[in-house]
file model_10.txt (compact mmCIF, C-alpha atoms)
# COMPACT_ATOMS: atom_id res chain seq x y z
CA MET A 1 15.61 93.95 77.10
CA GLY A 2 17.64 92.59 74.18
CA TYR A 3 16.99 93.24 70.51
CA TYR A 4 15.38 89.84 69.94
CA ASN A 5 13.08 89.93 72.93
CA ASP A 6 9.54 89.01 71.76
CA LYS A 7 10.58 88.98 68.08
CA VAL A 8 8.87 86.23 66.11
CA VAL A 9 11.48 84.16 64.30
CA VAL A 10 10.38 81.58 61.74
CA VAL A 11 12.94 78.88 60.88
CA THR A 12 12.32 76.41 58.06
CA GLY A 13 14.20 73.12 58.05
CA ALA A 14 14.34 73.46 61.83
CA GLY A 15 14.23 69.73 62.46
CA GLY A 16 17.78 69.41 61.13
CA VAL A 17 21.08 69.72 62.94
CA LEU A 18 22.19 73.18 61.85
CA CYS A 19 18.88 75.02 61.79
CA SER A 20 17.73 73.63 65.13
CA ILE A 21 20.89 75.04 66.72
CA ILE A 22 20.18 78.42 65.09
CA ALA A 23 16.57 78.29 66.27
CA LYS A 24 17.67 77.59 69.84
CA ALA A 25 20.07 80.55 69.73
CA TYR A 26 17.28 82.96 68.83
CA ALA A 27 15.08 81.54 71.59
CA LYS A 28 17.87 82.08 74.11
CA GLU A 29 17.97 85.73 73.00
CA GLY A 30 14.29 86.09 73.94
CA ALA A 31 12.63 85.47 70.58
CA LYS A 32 9.48 83.44 70.07
CA VAL A 33 10.63 80.79 67.63
CA ALA A 34 8.54 78.80 65.16
CA LEU A 35 10.27 75.61 64.06
CA LEU A 36 9.00 74.44 60.67
CA ASP A 37 9.91 71.09 59.17
CA LEU A 38 8.49 68.47 56.84
CA SER A 39 8.81 66.08 59.78
CA LEU A 40 6.59 67.35 62.59
CA GLU A 41 8.16 64.75 64.86
CA ASN A 42 11.64 66.18 64.34
CA ALA A 43 10.43 69.75 64.76
CA GLU A 44 8.58 68.87 67.97
CA LYS A 45 11.66 67.15 69.37
CA LYS A 46 13.79 70.24 68.74
CA ALA A 47 11.09 72.59 70.06
CA LYS A 48 10.86 70.56 73.27
CA GLU A 49 14.60 70.90 73.78
CA ILE A 50 14.08 74.67 73.69
CA THR A 51 10.97 74.84 75.86
CA ASP A 52 12.57 72.53 78.43
CA LEU A 53 15.15 75.29 78.89
CA GLY A 54 12.38 77.77 79.62
CA TYR A 55 12.28 79.53 76.25
CA VAL A 56 9.43 80.01 73.77
CA ALA A 57 9.23 77.68 70.79
CA LYS A 58 6.56 75.81 68.87
CA ALA A 59 6.76 73.22 66.12
CA TYR A 60 4.80 73.21 62.87
CA MET A 61 4.62 70.75 60.01
CA CYS A 62 5.47 72.51 56.76
CA ASN A 63 6.29 71.37 53.25
CA VAL A 64 8.23 74.30 51.79
CA LEU A 65 7.43 73.11 48.26
CA VAL A 66 3.66 73.40 48.76
CA LYS A 67 2.41 76.95 49.20
CA GLU A 68 -0.83 75.81 50.86
CA SER A 69 1.24 74.01 53.51
CA ILE A 70 3.30 77.14 54.14
CA GLU A 71 0.18 79.29 54.37
CA ALA A 72 -1.37 76.88 56.87
CA ALA A 73 1.74 77.10 59.04
CA HIS A 74 1.69 80.88 58.67
CA GLU A 75 -1.89 81.10 59.92
CA ALA A 76 -1.09 78.89 62.90
CA ILE A 77 1.97 80.98 63.78
CA LEU A 78 -0.06 84.20 63.59
CA ASN A 79 -2.50 82.74 66.12
CA ASP A 80 0.13 81.21 68.40
CA LEU A 81 3.07 83.63 68.34
CA GLY A 82 2.22 86.67 66.19
CA SER A 83 3.45 87.99 62.86
CA CYS A 84 6.89 87.14 61.53
CA ASP A 85 9.77 89.55 62.18
CA ILE A 86 12.65 87.37 60.98
CA LEU A 87 12.58 84.52 58.47
CA ILE A 88 15.39 81.99 58.38
CA ASN A 89 15.14 80.01 55.14
CA GLY A 90 16.95 76.90 56.32
CA ALA A 91 15.16 74.18 54.38
CA GLY A 92 17.31 72.70 51.64
CA GLY A 93 19.70 69.89 50.91
CA ASN A 94 21.01 67.46 48.37
CA ASN A 95 19.86 64.12 46.94
CA ALA A 96 22.01 61.17 45.94
CA ARG A 97 20.20 60.87 42.60
CA ALA A 98 21.77 64.21 41.61
CA ASN A 99 25.36 63.19 42.41
CA THR A 100 28.06 61.67 40.25
CA ASP A 101 30.34 58.90 41.52
CA ASP A 102 33.40 60.36 39.78
CA GLU A 103 35.17 63.65 40.37
CA PHE A 104 36.69 63.69 36.89
CA PHE A 105 35.07 62.06 33.88
CA ALA A 106 36.91 59.10 32.36
CA HIS A 107 35.60 57.23 29.36
CA GLU A 108 36.26 53.87 30.99
CA ASP A 109 33.81 54.79 33.77
CA LEU A 110 30.84 54.59 31.41
CA GLY A 111 28.63 51.74 32.50
CA GLN A 112 30.79 51.15 35.57
CA MET A 113 29.66 53.99 37.81
CA LYS A 114 27.26 56.93 37.83
CA THR A 115 28.75 59.60 35.60
CA PHE A 116 27.44 62.99 34.52
CA PHE A 117 25.51 61.25 31.76
CA ASP A 118 23.63 59.14 34.31
CA LEU A 119 22.35 61.99 36.51
CA ASP A 120 18.66 61.48 37.24
CA GLN A 121 16.53 64.33 35.87
CA LYS A 122 13.95 64.04 38.65
CA GLY A 123 16.70 64.04 41.24
CA VAL A 124 18.27 67.20 39.83
CA GLU A 125 14.87 68.90 39.61
CA PHE A 126 14.14 67.94 43.22
CA VAL A 127 17.39 69.46 44.48
CA PHE A 128 16.75 72.72 42.62
CA SER A 129 13.16 72.86 43.85
CA LEU A 130 14.03 72.07 47.46
CA ASN A 131 16.69 74.75 47.67
CA TYR A 132 15.37 77.51 45.41
CA MET A 133 11.59 77.12 45.50
CA GLY A 134 11.92 76.05 49.13
CA THR A 135 13.31 79.52 49.81
CA LEU A 136 11.18 81.56 47.41
CA LEU A 137 7.79 80.21 48.53
CA PRO A 138 8.24 80.74 52.30
CA THR A 139 9.54 84.23 51.55
CA GLN A 140 6.41 85.00 49.54
CA VAL A 141 4.25 83.98 52.47
CA PHE A 142 6.13 85.37 55.47
CA ALA A 143 7.59 88.56 53.99
CA LYS A 144 4.07 89.97 53.80
CA ASP A 145 4.16 90.19 57.60
CA MET A 146 7.32 92.28 57.48
CA ILE A 147 6.49 95.02 54.99
CA ASN A 148 5.05 97.54 57.44
CA LYS A 149 7.49 96.91 60.28
CA LYS A 150 10.28 99.29 61.21
CA ASP A 151 12.82 96.52 60.93
CA ALA A 152 12.62 92.99 59.59
CA SER A 153 15.06 90.55 58.15
CA ILE A 154 15.38 87.51 55.93
CA LEU A 155 18.35 85.19 56.27
CA ASN A 156 18.95 82.60 53.56
CA ILE A 157 21.28 79.62 53.76
CA SER A 158 23.68 79.47 50.83
CA SER A 159 26.87 77.43 50.82
CA MET A 160 30.56 77.91 50.17
CA ASN A 161 30.10 75.75 47.06
CA ALA A 162 28.07 78.61 45.64
CA PHE A 163 31.45 80.37 45.28
CA THR A 164 33.37 77.38 43.94
CA PRO A 165 31.35 74.31 42.87
CA LEU A 166 32.31 71.06 44.54
CA THR A 167 32.93 67.89 42.60
CA LYS A 168 30.23 65.17 42.47
CA ILE A 169 27.32 67.46 43.48
CA PRO A 170 26.47 69.62 40.43
CA ALA A 171 22.80 70.14 41.29
CA TYR A 172 23.41 71.18 44.89
CA SER A 173 26.26 73.52 43.93
CA GLY A 174 24.13 75.15 41.24
CA ALA A 175 21.10 75.44 43.50
CA LYS A 176 23.09 77.16 46.24
CA ALA A 177 24.59 79.56 43.69
CA ALA A 178 20.99 80.38 42.82
CA ILE A 179 20.28 81.09 46.50
CA SER A 180 23.18 83.56 46.66
CA ASN A 181 21.85 85.30 43.56
CA PHE A 182 18.30 85.31 44.92
CA THR A 183 19.52 86.80 48.21
CA LYS A 184 20.96 89.76 46.35
CA TRP A 185 17.82 90.08 44.24
CA LEU A 186 15.60 90.16 47.34
CA ALA A 187 17.85 92.72 49.02
CA VAL A 188 17.37 95.06 46.06
CA HIS A 189 13.68 94.30 45.62
CA PHE A 190 12.81 95.10 49.24
CA ALA A 191 15.32 97.94 49.59
CA HIS A 192 12.58 100.60 49.85
CA THR A 193 10.91 98.71 52.66
CA ASN A 194 12.47 97.99 56.04
CA ILE A 195 13.28 94.40 55.09
CA ARG A 196 16.93 93.43 54.73
CA CYS A 197 18.00 90.14 53.15
CA ASN A 198 21.37 88.47 53.65
CA ALA A 199 22.73 84.94 53.63
CA ILE A 200 25.29 82.82 55.39
CA ALA A 201 27.35 80.34 53.37
CA PRO A 202 28.44 77.47 55.60
CA GLY A 203 31.51 75.52 54.65
CA PHE A 204 31.93 71.94 55.80
CA PHE A 205 29.77 70.87 58.70
CA VAL A 206 28.87 67.24 59.41
CA THR A 207 25.13 66.66 59.03
CA ALA A 208 22.86 63.67 58.48
CA GLN A 209 22.76 64.50 54.76
CA ASN A 210 26.49 64.51 54.07
CA LYS A 211 27.77 62.04 56.65
CA ASN A 212 28.06 59.20 54.13
CA LEU A 213 30.20 61.35 51.86
CA LEU A 214 32.54 62.26 54.70
CA PHE A 215 32.91 59.05 56.71
CA ASN A 216 33.07 55.35 55.93
CA GLU A 217 30.78 52.88 57.67
CA ASP A 218 33.50 52.15 60.24
CA GLY A 219 33.76 55.84 61.09
CA THR A 220 37.08 56.46 59.37
CA PRO A 221 37.33 59.57 57.16
CA THR A 222 36.79 59.18 53.44
CA ALA A 223 39.25 60.41 50.84
CA ARG A 224 36.88 63.37 50.33
CA THR A 225 37.20 64.31 54.00
CA ASN A 226 40.98 64.25 53.73
CA LYS A 227 40.78 66.59 50.72
CA ILE A 228 38.42 68.95 52.56
CA LEU A 229 40.58 69.23 55.64
CA ARG A 230 43.74 69.59 53.55
CA ASN A 231 42.13 72.60 51.88
CA THR A 232 40.62 74.12 55.02
CA PRO A 233 43.27 76.32 56.65
CA MET A 234 41.72 75.76 60.10
CA ASP A 235 42.10 71.99 59.50
CA ARG A 236 38.73 70.89 60.89
CA PHE A 237 35.01 70.76 60.23
CA GLY A 238 32.81 73.53 61.53
CA GLU A 239 30.66 73.14 64.62
CA ALA A 240 26.96 74.00 64.29
CA GLU A 241 27.27 76.58 67.06
CA GLU A 242 29.72 78.51 64.89
CA LEU A 243 26.84 79.62 62.67
CA ILE A 244 25.13 81.43 65.52
CA GLY A 245 27.17 84.63 65.75
CA ALA A 246 26.87 85.52 62.08
CA SER A 247 23.15 84.73 62.03
CA LEU A 248 22.35 86.88 65.06
CA PHE A 249 24.54 89.66 63.73
CA LEU A 250 23.06 89.83 60.24
CA THR A 251 19.42 89.83 61.36
CA ASN A 252 19.93 92.46 64.06
CA THR A 253 19.11 95.94 62.78
CA GLU A 254 21.01 97.50 65.67
CA THR A 255 24.27 95.88 64.54
CA ALA A 256 23.77 95.41 60.79
CA SER A 257 21.34 98.11 59.68
CA PHE A 258 23.29 98.98 56.50
CA ILE A 259 24.26 95.42 55.60
CA ASN A 260 22.03 94.19 52.82
CA GLY A 261 22.56 91.59 50.10
CA VAL A 262 25.74 89.97 51.45
CA VAL A 263 26.60 86.28 51.41
CA LEU A 264 28.94 85.59 54.33
CA PRO A 265 31.14 82.47 54.17
CA ILE A 266 31.56 80.57 57.42
CA ASP A 267 34.07 78.02 56.23
CA GLY A 268 37.31 78.08 58.19
CA GLY A 269 39.05 79.84 55.32
CA PHE A 270 38.23 77.21 52.65
CA SER A 271 37.05 79.76 50.09
CA ALA A 272 40.13 81.93 50.69
CA TYR A 273 42.72 79.18 50.23
CA SER A 274 44.24 78.46 46.82
CA GLY A 275 45.75 75.18 47.94
CA VAL A 276 49.27 76.53 47.49
call {"tool": "encode", "arguments": {"input": "model_10.txt", "output": "structure tokens"}}
result
Amino acid sequence: MGYYNDKVVVVTGAGGVLCSIIAKAYAKEGAKVALLDLSLENAEKKAKEITDLGYVAKAYMCNVLVKESIEAAHEAILNDLGSCDILINGAGGNNARANTDDEFFAHEDLGQMKTFFDLDQKGVEFVFSLNYMGTLLPTQVFAKDMINKKDASILNISSMNAFTPLTKIPAYSGAKAAISNFTKWLAVHFAHTNIRCNAIAPGFFVTAQNKNLLFNEDGTPTARTNKILRNTPMDRFGEAEELIGASLFLTNTETASFINGVVLPIDGGFSAYSGV
């Protein structure tokens, strides 16, 4: 019997590429996995991929920005699978309204492209809400299940741009820095319980959200992709499966019982490389 056998693992944002792969990994380890996503259709598709392999998974519609929606999903999970042992806060992302078109401001760009001065307030607020409140609210709901357990774990999804902000995406970089800070805060806050809280910080992985920044319509790499790979010592993008080992390690009390409040980069060496 492995550590994760019969553990209830709740994964938000599980209809997406990265979190669905993580959810499947926990199911393969024997966990009962709840896949939460704003799109029930996407969550159900990913859950079916898991159940078709003979593992336990169930999809739930959940808006991580609406506490009543999270609580409804929580009640359903309690009835279907049991109380939460591990929470993976995977919901998050960026929005084009919060991006600039230029890496470096130039006066002649005013009126010609979207500069810092043209960032949409609602777009920036949405990105901060989706990432920060979309982590805080599910934690408020599901961590209550964990308090009296002998071991429980929360895993947040930060980003390598929480260490060094990327150009063009000021809201997303700032929001992920907030997630890293919140991870440490939670680790301290729950330190006298049996709940540990850590985070992984993925580097560059190709997802539906960033594909347009990384590849042109004809499939050729953008100038941004060339910069990324030039500054990634391993000279490639990450594969979704490469998030699995760190996730399973950090949430396993048998292997990581004294690891609490860390943010682990998974970035092919990007954050370690000076460019020289």
call {"tool": "closest_residue", "arguments": {"input": "model_10.txt", "among": "A:Asn212, A:Ser153, A:Ser158, A:Thr135", "to": "Thr193 in chain A", "atoms": "only C-alpha atoms"}}
result
A:Ser153
call {"tool": "closest_residue", "arguments": {"input": "model_10.txt", "among": "A:Asp37, A:Glu217, A:Asp101, A:Asp52", "to": "Ala14 in chain A", "atoms": "only C-alpha atoms"}}
result
A:Asp37
call {"tool": "residues_around", "arguments": {"input": "model_10.txt", "residues": "Val64 in chain A", "least_positions_apart": "6", "cutoff": "8 Å", "atoms": "all atoms listed in the file", "output": "PyMOL selection string"}}
result
chain A and resi 12+38+70+91+130+133-135+137-138
call {"tool": "atom_distance", "arguments": {"input": "model_10.txt", "atom1": "CA of Phe182 in chain A", "atom2": "CA of Thr255 in chain A"}}
result
23.1 Å
call {"tool": "atom_distance", "arguments": {"input": "model_10.txt", "atom1": "CA of Ile157 in chain A", "atom2": "CA of Thr183 in chain A"}}
result
9.2 Å
call {"tool": "closest_residue", "arguments": {"input": "model_10.txt", "among": "A:Met160, A:Asn216, A:Asn95, A:Ala240", "to": "Gln121 in chain A", "atoms": "all atoms listed in the file"}}
result
A:Asn95
call {"tool": "atom_distance", "arguments": {"input": "model_10.txt", "atom1": "CA of Leu87 in chain A", "atom2": "CA of Glu242 in chain A"}}
result
19.3 Å
call {"tool": "residues_around", "arguments": {"input": "model_10.txt", "residues": "Ile195 in chain A", "least_positions_apart": "3", "cutoff": "9 Å", "atoms": "all atoms listed in the file", "output": "number ranges by chain"}}
result
A: 143, 146-147, 149-154, 187, 190-192
call {"tool": "build_atoms", "arguments": {"input": "model_10.txt", "residues": "range 26-46 of chain A", "atoms": "N, CA and C atoms", "output": "tab-separated table (two decimals), keeping the file's coordinate frame"}}
result
chain	number	residue	atom	x	y	z
A	26	TYR	N	18.22	81.84	68.82
A	26	TYR	CA	17.28	82.96	68.83
A	26	TYR	C	16.36	82.89	70.04
A	27	ALA	N	15.94	81.70	70.41
A	27	ALA	CA	15.08	81.54	71.59
A	27	ALA	C	15.81	82.01	72.85
A	28	LYS	N	17.09	81.66	72.95
A	28	LYS	CA	17.87	82.08	74.11
A	28	LYS	C	18.02	83.59	74.19
A	29	GLU	N	17.89	84.26	73.04
A	29	GLU	CA	17.97	85.73	73.00
A	29	GLU	C	16.61	86.38	73.30
A	30	GLY	N	15.60	85.56	73.57
A	30	GLY	CA	14.29	86.09	73.94
A	30	GLY	C	13.25	86.06	72.85
A	31	ALA	N	13.59	85.52	71.68
A	31	ALA	CA	12.63	85.47	70.58
A	31	ALA	C	11.62	84.35	70.79
A	32	LYS	N	10.48	84.51	70.15
A	32	LYS	CA	9.48	83.44	70.07
A	32	LYS	C	9.73	82.73	68.74
A	33	VAL	N	10.12	81.48	68.81
A	33	VAL	CA	10.63	80.79	67.63
A	33	VAL	C	9.65	79.73	67.13
A	34	ALA	N	9.36	79.81	65.83
A	34	ALA	CA	8.54	78.80	65.16
A	34	ALA	C	9.46	77.87	64.39
A	35	LEU	N	9.42	76.59	64.72
A	35	LEU	CA	10.27	75.61	64.06
A	35	LEU	C	9.44	74.85	63.03
A	36	LEU	N	9.75	75.07	61.76
A	36	LEU	CA	9.00	74.44	60.67
A	36	LEU	C	9.84	73.33	60.05
A	37	ASP	N	9.19	72.19	59.79
A	37	ASP	CA	9.91	71.09	59.17
A	37	ASP	C	8.89	70.16	58.52
A	38	LEU	N	9.34	69.46	57.48
A	38	LEU	CA	8.49	68.47	56.84
A	38	LEU	C	8.13	67.37	57.83
A	39	SER	N	9.05	67.05	58.73
A	39	SER	CA	8.81	66.08	59.78
A	39	SER	C	8.37	66.79	61.04
A	40	LEU	N	7.08	66.73	61.36
A	40	LEU	CA	6.59	67.35	62.59
A	40	LEU	C	7.26	66.73	63.81
A	41	GLU	N	7.51	65.43	63.74
A	41	GLU	CA	8.16	64.75	64.86
A	41	GLU	C	9.53	65.35	65.17
A	42	ASN	N	10.33	65.58	64.13
A	42	ASN	CA	11.64	66.18	64.34
A	42	ASN	C	11.54	67.59	64.88
A	43	ALA	N	10.61	68.38	64.31
A	43	ALA	CA	10.43	69.75	64.76
A	43	ALA	C	9.98	69.80	66.21
A	44	GLU	N	9.07	68.91	66.58
A	44	GLU	CA	8.58	68.87	67.97
A	44	GLU	C	9.68	68.48	68.93
A	45	LYS	N	10.54	67.56	68.51
A	45	LYS	CA	11.66	67.15	69.37
A	45	LYS	C	12.59	68.33	69.62
A	46	LYS	N	12.90	69.09	68.58
A	46	LYS	CA	13.79	70.24	68.74
A	46	LYS	C	13.11	71.36	69.53
